[in-house]
Amino acid sequence: MGAAGQGLSEDDVRTFREALAAGRKPKVVFTAAAGQIAGQFGQVVELTDPAESDEFVVVRFGRDELPFSPADVAVAPRGAGRKAAEP
């Protein structure tokens, strides 16, 4: 899978399509290309047709679901984005 901060590779997109088809929602981290939300985590909920738009990776973060380009997100490291237990 692609290095964090580098965006998604074609292999990553293919892996995400397979995961979504199996009912999983892969975690991603927003890259610097995403602007203000860089470093935050989200879940891929859909991949639309890349022929229709460069922004075909639909990511849920908070209550929003918005389309991003593969350069805007990277595969999240394992265990990333989990909330720490409250003391």
# chains A, B, ... in the order shown; residues from 1 in each chain; ligands from 1
$ select_by_dssp --residues "chain A" --states "strand (DSSP E)" --output "NGL selection string"
:A and (27-30 or 41-47 or 57-61 or 64-68 or 73-75)
$ residues_around --residues "A:Val73" --least-positions-apart "4" --cutoff "7 Å" --atoms "only C-alpha atoms" --output "count of residues only"
6
$ residues_around --residues "A:Asp12" --least-positions-apart "4" --cutoff "10 Å" --atoms "only C-alpha atoms" --output "JSON, numbers by chain"
{"A": [1, 2, 7, 8, 16, 17, 18, 70, 74, 75]}
$ residues_around --residues "stretch 33-45 of chain A" --least-positions-apart "2" --cutoff "9 Å" --atoms "only C-alpha atoms" --output "PyMOL selection string"
chain A and resi 5+7+16+20+24-31+47+57-62+65+68-69+71-73+76+80-81
$ select_by_dssp --residues "stretch 20-58 of chain A" --states "helix (DSSP H, G or I)" --output "PyMOL selection string"
chain A and resi 20-21+32-37
$ write_last_selection --atoms "N, CA and C atoms" --output "compact mmCIF listing (two decimals), in the first residue's frame"
# COMPACT_ATOMS: atom_id res chain seq x y z
N LEU A 20 -14.62 -2.61 -0.03
CA LEU A 20 -15.99 -2.09 -0.03
C LEU A 20 -16.98 -3.15 -0.50
N ALA A 21 -16.59 -3.93 -1.51
CA ALA A 21 -17.46 -4.99 -2.01
C ALA A 21 -17.69 -6.05 -0.93
N ALA A 32 -1.57 16.38 2.93
CA ALA A 32 -1.43 17.84 2.84
C ALA A 32 -2.24 18.39 1.67
N ALA A 33 -2.42 17.58 0.61
CA ALA A 33 -3.19 18.02 -0.56
C ALA A 33 -4.64 18.32 -0.20
N ALA A 34 -5.14 17.76 0.91
CA ALA A 34 -6.53 17.97 1.32
C ALA A 34 -6.72 19.29 2.06
N GLY A 35 -5.64 19.99 2.34
CA GLY A 35 -5.76 21.31 2.98
C GLY A 35 -5.95 21.23 4.47
N GLN A 36 -6.95 21.98 4.97
CA GLN A 36 -7.16 22.16 6.41
C GLN A 36 -7.37 20.86 7.18
N ILE A 37 -7.87 19.83 6.53
CA ILE A 37 -8.17 18.59 7.26
C ILE A 37 -7.01 17.60 7.20
$ atom_distance --atom1 "atom CA of A:Arg63" --atom2 "atom CA of A:Asp11"
27.9 Å
